[in-house]
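Data from protein14.csv: CSV, C-alpha atoms
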```csv
chain,number,residue,atom,x,y,z
F,1,MET,CA,31.3,18.4,-16.2
F,2,SER,CA,28.7,19.7,-13.8
F,3,LYS,CA,28.9,18.4,-10.3
F,4,LEU,CA,26.0,18.0,-7.9
F,5,ARG,CA,26.2,16.8,-4.3
F,6,LEU,CA,22.8,15.6,-3.1
F,7,GLU,CA,22.4,15.4,0.6
F,8,PRO,CA,19.3,13.8,2.1
F,9,MET,CA,16.8,15.8,4.2
F,10,PRO,CA,14.7,14.2,6.9
F,11,LEU,CA,11.5,12.7,5.5
F,12,THR,CA,8.5,14.7,6.7
F,13,ALA,CA,5.0,14.9,5.4
F,14,VAL,CA,5.4,18.6,4.6
F,15,ALA,CA,8.7,18.4,2.9
F,16,PHE,CA,7.6,15.4,0.8
F,17,SER,CA,4.2,16.7,-0.1
F,18,PRO,CA,5.2,17.9,-3.6
F,19,TYR,CA,6.1,14.2,-4.4
F,20,GLY,CA,3.5,12.2,-2.5
F,21,ASP,CA,2.7,10.9,0.9
F,22,VAL,CA,4.8,9.8,3.9
F,23,ILE,CA,3.3,6.6,5.2
F,24,GLU,CA,3.6,6.7,9.0
F,25,THR,CA,1.6,6.6,12.2
F,26,THR,CA,3.4,9.5,13.8
F,27,GLY,CA,1.3,12.7,13.6
F,28,ASN,CA,-1.8,10.8,12.7
F,29,THR,CA,-4.7,10.1,15.0
F,30,PRO,CA,-6.0,6.5,15.2
F,31,ARG,CA,-9.4,5.2,16.0
F,32,SER,CA,-10.0,2.2,18.3
F,33,ILE,CA,-11.5,-0.9,16.6
F,34,ASN,CA,-11.9,-4.6,17.4
F,35,GLN,CA,-13.0,-4.1,21.0
F,36,GLY,CA,-10.2,-1.9,21.8
F,37,THR,CA,-7.4,-4.3,20.8
F,38,THR,CA,-6.4,-2.4,17.7
F,39,GLN,CA,-5.7,1.3,16.9
F,40,ARG,CA,-6.4,1.9,13.2
F,41,TYR,CA,-4.5,4.7,11.4
F,42,ASP,CA,-6.7,5.0,8.4
F,43,ASP,CA,-6.0,6.0,4.9
F,44,LEU,CA,-2.4,7.0,5.1
F,45,ALA,CA,-1.7,7.3,1.3
F,46,ARG,CA,-3.4,8.4,-1.8
F,47,ILE,CA,-3.2,5.1,-3.7
F,48,ASP,CA,-4.1,5.9,-7.3
F,49,VAL,CA,-4.2,3.1,-9.8
F,50,GLY,CA,-5.9,5.2,-12.5
F,51,GLN,CA,-9.2,4.7,-14.2
F,52,ASP,CA,-10.5,1.8,-16.2
F,53,GLU,CA,-7.7,-0.7,-16.9
F,54,GLY,CA,-5.7,-0.2,-13.7
F,55,ARG,CA,-5.8,-2.4,-10.6
F,56,PRO,CA,-4.0,-2.3,-7.3
F,57,LEU,CA,-0.9,-4.6,-7.4
F,58,LEU,CA,0.6,-5.8,-4.2
F,59,SER,CA,4.3,-7.0,-4.5
F,60,VAL,CA,7.4,-7.5,-2.4
F,61,PHE,CA,10.7,-6.0,-3.4
F,62,VAL,CA,13.8,-7.6,-1.9
F,63,THR,CA,16.5,-4.9,-2.3
F,64,GLN,CA,20.2,-5.1,-1.9
F,65,PRO,CA,21.9,-2.2,0.0
F,66,GLN,CA,23.8,0.4,-1.9
F,67,PRO,CA,27.1,1.9,-0.7
F,68,LEU,CA,27.3,5.7,-0.3
F,69,PRO,CA,28.2,7.9,-1.9
F,70,LEU,CA,26.1,6.6,-4.8
F,71,ARG,CA,26.2,8.0,-8.3
F,72,ILE,CA,22.8,8.9,-9.6
F,73,THR,CA,22.6,8.2,-13.3
F,74,MET,CA,18.9,7.8,-14.0
F,75,ILE,CA,15.4,8.3,-12.6
F,76,GLU,CA,12.1,6.9,-13.7
F,77,ARG,CA,8.4,7.7,-13.4
F,78,HIS,CA,5.1,5.9,-13.5
F,79,PRO,CA,2.7,8.3,-15.2
F,80,LEU,CA,-0.5,6.2,-14.7
F,81,GLY,CA,-0.4,5.4,-11.0
F,82,SER,CA,1.1,5.9,-7.6
F,83,GLN,CA,3.7,3.6,-6.1
F,84,ALA,CA,4.0,3.0,-2.4
F,85,PHE,CA,7.0,1.5,-0.5
F,86,VAL,CA,6.7,0.3,3.1
F,87,PRO,CA,9.7,-1.5,4.6
F,88,LEU,CA,9.0,-4.9,6.1
F,89,ASP,CA,12.4,-4.9,7.8
F,90,GLU,CA,13.7,-2.3,10.3
F,91,ALA,CA,15.7,-0.2,8.1
F,92,ASP,CA,16.5,3.4,7.0
F,93,PHE,CA,16.3,3.9,3.3
F,94,LEU,CA,16.8,6.8,0.9
F,95,VAL,CA,14.5,8.2,-1.8
F,96,VAL,CA,15.5,10.5,-4.5
F,97,VAL,CA,12.7,12.4,-6.3
F,98,ALA,CA,11.9,15.2,-8.7
F,99,ALA,CA,8.5,16.8,-9.2
F,100,PRO,CA,6.4,15.8,-12.2
F,101,GLY,CA,7.3,17.4,-15.5
F,102,ASP,CA,8.6,16.3,-18.8
F,103,ASP,CA,12.2,17.5,-18.5
F,104,PRO,CA,13.5,17.4,-14.9
F,105,LYS,CA,17.1,18.6,-14.4
F,106,SER,CA,19.6,17.3,-11.9
F,107,GLY,CA,19.1,20.5,-9.9
F,108,ASP,CA,15.4,19.5,-9.4
F,109,LEU,CA,16.5,16.3,-7.5
F,110,ARG,CA,15.8,16.1,-3.8
F,111,ALA,CA,16.8,13.3,-1.5
F,112,PHE,CA,15.1,12.2,1.7
F,113,LEU,CA,16.1,9.8,4.5
F,114,ALA,CA,13.3,7.6,5.6
F,115,ARG,CA,13.6,6.3,9.2
F,116,LYS,CA,12.2,3.3,10.9
F,117,GLY,CA,8.4,3.4,10.8
F,118,GLN,CA,8.2,5.4,7.6
F,119,GLY,CA,7.2,4.5,4.1
F,120,VAL,CA,6.6,6.6,1.0
F,121,ASN,CA,4.0,6.8,-1.7
F,122,TYR,CA,5.0,8.5,-4.9
F,123,ALA,CA,2.2,10.4,-6.6
F,124,PRO,CA,1.6,9.5,-10.3
F,125,GLY,CA,4.2,10.9,-12.6
F,126,VAL,CA,6.7,11.8,-9.8
F,127,TRP,CA,10.2,11.1,-10.9
F,128,HIS,CA,12.2,8.9,-8.6
F,129,HIS,CA,15.4,6.8,-8.4
F,130,PRO,CA,14.9,3.1,-7.7
F,131,VAL,CA,14.6,2.7,-3.9
F,132,ILE,CA,17.9,2.8,-2.1
F,133,ALA,CA,18.3,0.4,0.8
F,134,LEU,CA,21.1,1.0,3.3
F,135,GLY,CA,23.2,-1.3,5.4
F,136,HIS,CA,21.4,-4.6,4.7
F,137,GLU,CA,19.0,-6.3,2.4
F,138,THR,CA,15.6,-4.8,2.9
F,139,ARG,CA,12.1,-6.1,2.0
F,140,PHE,CA,9.5,-3.6,0.9
F,141,LEU,CA,5.9,-4.1,0.4
F,142,VAL,CA,5.0,-2.2,-2.8
F,143,ILE,CA,1.5,-1.1,-3.9
F,144,ASP,CA,1.4,0.1,-7.4
F,145,ARG,CA,-0.7,-0.1,-10.5
F,146,GLY,CA,-1.2,-3.3,-12.4
F,147,GLY,CA,-2.3,-3.2,-16.0
F,148,ASP,CA,-1.2,-3.8,-19.6
F,149,ASP,CA,-0.4,-0.2,-20.4
F,150,THR,CA,3.2,1.1,-20.5
F,151,ASN,CA,3.7,2.8,-17.2
F,152,CYS,CA,7.4,3.5,-16.8
F,153,ASP,CA,9.5,6.2,-18.4
F,154,GLU,CA,13.2,6.4,-17.8
F,155,LEU,CA,15.4,9.4,-17.9
F,156,GLN,CA,19.2,9.0,-18.2
F,157,PHE,CA,21.3,11.9,-17.0
F,158,GLY,CA,24.1,13.0,-19.4
F,159,GLU,CA,27.6,11.7,-18.9
F,160,ASP,CA,28.7,15.3,-18.3
F,161,GLU,CA,26.6,15.3,-15.1
F,162,ASP,CA,28.2,14.0,-12.0
F,163,ILE,CA,25.4,13.5,-9.4
F,164,LEU,CA,26.6,12.0,-6.1
F,165,LEU,CA,24.2,11.0,-3.3
F,166,GLU,CA,25.9,11.4,0.0
F,167,ARG,CA,24.8,11.0,3.6
Z,168,MET,CA,-23.3,-26.0,25.8
Z,169,SER,CA,-21.3,-27.0,22.7
Z,170,LYS,CA,-17.6,-26.9,23.1
Z,171,LEU,CA,-15.1,-26.4,20.3
Z,172,ARG,CA,-11.4,-26.4,20.6
Z,173,LEU,CA,-9.8,-24.6,17.6
Z,174,GLU,CA,-6.2,-25.5,16.9
Z,175,PRO,CA,-4.2,-23.5,14.3
Z,176,MET,CA,-2.8,-25.1,11.2
Z,177,PRO,CA,0.3,-23.9,9.5
Z,178,LEU,CA,-0.5,-21.2,7.0
Z,179,THR,CA,0.1,-22.4,3.5
Z,180,ALA,CA,-1.2,-21.1,0.2
Z,181,VAL,CA,-3.0,-24.3,-0.5
Z,182,ALA,CA,-4.7,-24.7,2.9
Z,183,PHE,CA,-5.7,-21.0,2.9
Z,184,SER,CA,-6.9,-20.9,-0.7
Z,185,PRO,CA,-10.6,-21.2,0.2
Z,186,TYR,CA,-10.3,-18.0,2.2
Z,187,GLY,CA,-7.8,-15.9,0.1
Z,188,ASP,CA,-4.1,-15.4,-0.4
Z,189,VAL,CA,-1.0,-16.0,1.6
Z,190,ILE,CA,1.3,-13.0,1.0
Z,191,GLU,CA,4.8,-14.4,1.0
Z,192,THR,CA,7.9,-14.6,-1.2
Z,193,THR,CA,8.5,-18.3,-0.4
Z,194,GLY,CA,7.4,-20.4,-3.3
Z,195,ASN,CA,7.2,-17.5,-5.7
Z,196,THR,CA,9.7,-16.6,-8.4
Z,197,PRO,CA,11.0,-13.0,-8.5
Z,198,ARG,CA,12.2,-11.1,-11.5
Z,199,SER,CA,15.3,-8.9,-11.3
Z,200,ILE,CA,14.7,-5.1,-11.7
Z,201,ASN,CA,16.5,-1.9,-11.0
Z,202,GLN,CA,19.8,-3.0,-12.5
Z,203,GLY,CA,19.8,-6.2,-10.5
Z,204,THR,CA,19.6,-4.5,-7.1
Z,205,THR,CA,16.1,-5.7,-6.5
Z,206,GLN,CA,14.2,-8.9,-6.8
Z,207,ARG,CA,10.5,-8.2,-7.4
Z,208,TYR,CA,7.9,-10.7,-6.3
Z,209,ASP,CA,5.0,-9.5,-8.3
Z,210,ASP,CA,1.3,-9.6,-7.7
Z,211,LEU,CA,1.1,-11.6,-4.4
Z,212,ALA,CA,-2.6,-11.0,-3.6
Z,213,ARG,CA,-5.8,-10.5,-5.4
Z,214,ILE,CA,-6.6,-7.0,-4.1
Z,215,ASP,CA,-10.3,-6.5,-4.9
Z,216,VAL,CA,-11.8,-3.1,-3.9
Z,217,GLY,CA,-15.0,-3.7,-6.0
Z,218,GLN,CA,-16.4,-1.7,-8.8
Z,219,ASP,CA,-17.4,1.9,-9.1
Z,220,GLU,CA,-17.3,3.4,-5.6
Z,221,GLY,CA,-14.5,1.5,-4.1
Z,222,ARG,CA,-10.9,2.6,-3.8
Z,223,PRO,CA,-7.8,1.0,-2.3
Z,224,LEU,CA,-7.3,2.1,1.3
Z,225,LEU,CA,-3.9,1.8,2.9
Z,226,SER,CA,-3.9,1.8,6.7
Z,227,VAL,CA,-1.8,0.7,9.7
Z,228,PHE,CA,-3.3,-1.3,12.5
Z,229,VAL,CA,-1.4,-1.3,15.8
Z,230,THR,CA,-2.7,-4.4,17.5
Z,231,GLN,CA,-2.3,-5.6,21.1
Z,232,PRO,CA,-1.4,-9.2,21.7
Z,233,GLN,CA,-4.0,-11.6,23.0
Z,234,PRO,CA,-3.4,-14.3,25.5
Z,235,LEU,CA,-4.2,-17.9,24.5
Z,236,PRO,CA,-6.5,-19.7,24.9
Z,237,LEU,CA,-8.7,-17.1,23.4
Z,238,ARG,CA,-12.5,-17.3,23.5
Z,239,ILE,CA,-13.9,-16.6,20.0
Z,240,THR,CA,-17.3,-14.9,20.4
Z,241,MET,CA,-17.7,-13.2,17.0
Z,242,ILE,CA,-16.5,-13.0,13.4
Z,243,GLU,CA,-17.0,-10.4,10.7
Z,244,ARG,CA,-16.9,-10.1,6.9
Z,245,HIS,CA,-16.4,-7.3,4.3
Z,246,PRO,CA,-18.7,-8.3,1.5
Z,247,LEU,CA,-17.5,-5.5,-0.9
Z,248,GLY,CA,-13.8,-6.0,-0.9
Z,249,SER,CA,-10.7,-7.9,0.1
Z,250,GLN,CA,-8.6,-7.1,3.1
Z,251,ALA,CA,-4.9,-7.7,3.3
Z,252,PHE,CA,-2.7,-7.8,6.5
Z,253,VAL,CA,1.1,-7.7,6.3
Z,254,PRO,CA,3.0,-7.5,9.6
Z,255,LEU,CA,5.5,-4.6,9.8
Z,256,ASP,CA,7.1,-6.2,12.9
Z,257,GLU,CA,8.6,-9.6,13.2
Z,258,ALA,CA,5.8,-11.6,14.7
Z,259,ASP,CA,3.7,-14.6,14.4
Z,260,PHE,CA,0.0,-14.0,14.4
Z,261,LEU,CA,-3.2,-16.0,14.2
Z,262,VAL,CA,-6.1,-15.8,11.7
Z,263,VAL,CA,-9.5,-17.4,12.2
Z,264,VAL,CA,-11.7,-17.7,9.2
Z,265,ALA,CA,-14.8,-19.3,7.7
Z,266,ALA,CA,-15.7,-19.5,4.1
Z,267,PRO,CA,-18.2,-17.1,2.5
Z,268,GLY,CA,-21.8,-17.8,3.2
Z,269,ASP,CA,-24.7,-16.3,5.0
Z,270,ASP,CA,-24.8,-18.6,8.0
Z,271,PRO,CA,-21.4,-19.9,9.1
Z,272,LYS,CA,-21.4,-22.3,12.1
Z,273,SER,CA,-18.7,-22.6,14.7
Z,274,GLY,CA,-17.7,-25.9,13.1
Z,275,ASP,CA,-16.9,-24.0,9.9
Z,276,LEU,CA,-14.1,-22.1,11.6
Z,277,ARG,CA,-10.5,-22.7,10.8
Z,278,ALA,CA,-7.4,-21.2,12.4
Z,279,PHE,CA,-4.0,-20.6,10.8
Z,280,LEU,CA,-0.7,-19.6,12.3
Z,281,ALA,CA,1.1,-17.1,10.2
Z,282,ARG,CA,4.9,-17.1,10.6
Z,283,LYS,CA,7.5,-14.4,10.1
Z,284,GLY,CA,7.4,-13.3,6.4
Z,285,GLN,CA,3.8,-14.2,5.9
Z,286,GLY,CA,0.7,-12.0,5.4
Z,287,VAL,CA,-2.8,-12.8,4.5
Z,288,ASN,CA,-5.4,-11.4,2.1
Z,289,TYR,CA,-9.0,-12.3,2.9
Z,290,ALA,CA,-11.2,-12.6,-0.2
Z,291,PRO,CA,-14.3,-10.5,-0.3
Z,292,GLY,CA,-17.0,-11.9,2.0
Z,293,VAL,CA,-14.7,-14.3,3.9
Z,294,TRP,CA,-15.6,-14.4,7.5
Z,295,HIS,CA,-12.8,-13.7,9.9
Z,296,HIS,CA,-12.0,-12.9,13.5
Z,297,PRO,CA,-10.2,-9.6,14.1
Z,298,VAL,CA,-6.5,-10.2,13.6
Z,299,ILE,CA,-4.9,-11.9,16.6
Z,300,ALA,CA,-1.4,-10.7,17.5
Z,301,LEU,CA,0.8,-12.9,19.7
Z,302,GLY,CA,3.4,-12.0,22.3
Z,303,HIS,CA,3.8,-8.3,21.6
Z,304,GLU,CA,2.2,-5.3,20.0
Z,305,THR,CA,2.3,-5.7,16.3
Z,306,ARG,CA,1.9,-3.3,13.5
Z,307,PHE,CA,0.1,-4.5,10.3
Z,308,LEU,CA,-0.1,-2.7,7.0
Z,309,VAL,CA,-3.7,-3.2,5.8
Z,310,ILE,CA,-5.0,-2.8,2.3
Z,311,ASP,CA,-8.8,-2.9,2.1
Z,312,ARG,CA,-11.6,-1.0,0.5
Z,313,GLY,CA,-12.4,2.6,1.0
Z,314,GLY,CA,-15.9,3.9,0.2
Z,315,ASP,CA,-19.1,5.1,1.7
Z,316,ASP,CA,-21.0,1.8,1.5
Z,317,THR,CA,-21.6,-0.4,4.5
Z,318,ASN,CA,-18.9,-3.0,4.2
Z,319,CYS,CA,-18.8,-4.9,7.5
Z,320,ASP,CA,-21.2,-7.6,8.8
Z,321,GLU,CA,-20.8,-9.1,12.2
Z,322,LEU,CA,-21.9,-12.4,13.5
Z,323,GLN,CA,-22.1,-13.2,17.2
Z,324,PHE,CA,-21.9,-16.8,18.3
Z,325,GLY,CA,-24.6,-17.9,20.8
Z,326,GLU,CA,-23.8,-18.0,24.5
Z,327,ASP,CA,-24.3,-21.7,24.4
Z,328,GLU,CA,-21.2,-22.0,22.1
Z,329,ASP,CA,-17.9,-22.2,23.8
Z,330,ILE,CA,-15.2,-21.7,21.1
Z,331,LEU,CA,-11.6,-21.7,22.4
Z,332,LEU,CA,-8.6,-20.9,20.2
Z,333,GLU,CA,-5.6,-22.7,21.5
Z,334,ARG,CA,-2.1,-23.1,20.3
```

Mind converting the file's structure to structure tokens?
Amino acid sequence: MSKLRLEPMPLTAVAFSPYGDVIETTGNTPRSINQGTTQRYDDLARIDVGQDEGRPLLSVFVTQPQPLPLRITMIERHPLGSQAFVPLDEADFLVVVAAPGDDPKSGDLRAFLARKGQGVNYAPGVWHHPVIALGHETRFLVIDRGGDDTNCDELQFGEDEDILLER
Amino acid sequence: MSKLRLEPMPLTAVAFSPYGDVIETTGNTPRSINQGTTQRYDDLARIDVGQDEGRPLLSVFVTQPQPLPLRITMIERHPLGSQAFVPLDEADFLVVVAAPGDDPKSGDLRAFLARKGQGVNYAPGVWHHPVIALGHETRFLVIDRGGDDTNCDELQFGEDEDILLER
């Protein structure tokens, strides 16, 4: 039995860059629009719905909170498109990711703690655990790829691997 | 001088259908995903970024509240793509719209009051006033069309038209 304790890092644009984008206004410069009534922070994520058959899909996920420590038994990826999560409730949440590749190991996993005002956008093919809400039910606006192609691979970790996400 | 008093209607999917989509979970049926931890309300808006040169643009607008009554002096449209607004703060907000067409009149304007849990998606070419926050600064996640083409027309109402948005 191999044991892994996964501790979340703060979510920053630099630390998360191998996996995608942090969606946040902090650190970005807005431009003033609408007669000065609005500051527009433009183009905060590389939304990629692929060529040809893909289209942008806007959905809402209503996610139940998970208790920690949480056993990580699987991850998934969407090879054909990006997937963005932006919380619609004030809530911290956890993301667990591994860089693209056909055979990620538990040692490749990284966890990040997203704070109020932050969302994430997974680049196409980035492995990730389903989003982990904390404390209370959380609504997320999700922008991913719509289309008829199969766009989800799952990877189950072996029963000899004990991966615990802590805080 | 022509006077128009514009009073907001409740925002419902049916009433708003000539202008686009109401983005909300209410009235939609989710499916259970992620081992039952998440209810997914799928495909809540017709995001249309056009063909060829368009791409989905994800931005955040930070909008100052407007006092009511508010004088409506102009509207705008984005002929090449849809534009979705989903509040990231708990807030009511107002939308003022007119159906597509090259010469909307003040009498064509309609106002809607969006309540907590509601967003809107303007269909391509739908005339609208810049989003009107109420009470406090409000952040909106905006999904519209990125690209180099000109994608904003403005229409100024004449000085002989006195259009007041009330509540």

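Here is the contact set of chain Z against chain F, at 7 Å and counting all atoms listed in the file: Asn201, Thr204, Thr205, Gln206, Arg207, Tyr208, Asp209, Asp210, Leu211, Ala212, Ile214, Pro223, Leu224, Leu225, Ser226, Val227, Phe228, Val229, Thr230, Gln231, Leu255 and Pro297 of chain Z.
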
Next on the checklist: Considering all atoms listed in the file, can you say which of F:Asp21, F:Asp149, F:Asp162, F:Asp102 comes closest to Gly119 in chain F?
Outcome noted: F:Asp21

Item to check | Atomic distance CA of Arg244 in chain Z - CA of Arg334 in chain Z, expressed in Å with one decimal | outcome: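 CA of Arg244 in chain Z sits 23.8 Å away from CA of Arg334 in chain Z.
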
Item to check | Surrounding residues of range 172-175 of chain Z excluding itself and chain neighbours under 4 positions, 10 Å, all atoms listed in the file, as a ChimeraX atom specification | outcome: /Z:236-239,261-263,273-274,276-281,329-334

Next on the checklist: Would you pick out the contacts of Glu159 in chain F at 10 Å or less, using all atoms listed in the file, so that residues sharing its chain but fewer than 2 positions from it are not included, and give the list as a PyMOL selection string?
Outcome noted: chain F and resi 1-2+73+156-157+161-163

Checklist entry - What is the CA of Lys116 in chain F to CA of Pro18 in chain F distance in Å? => result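 Distance reported for this atom pair: 21.7 Å.
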
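CA of Val14 in chain F is found 22.7 Å from CA of Glu76 in chain F.
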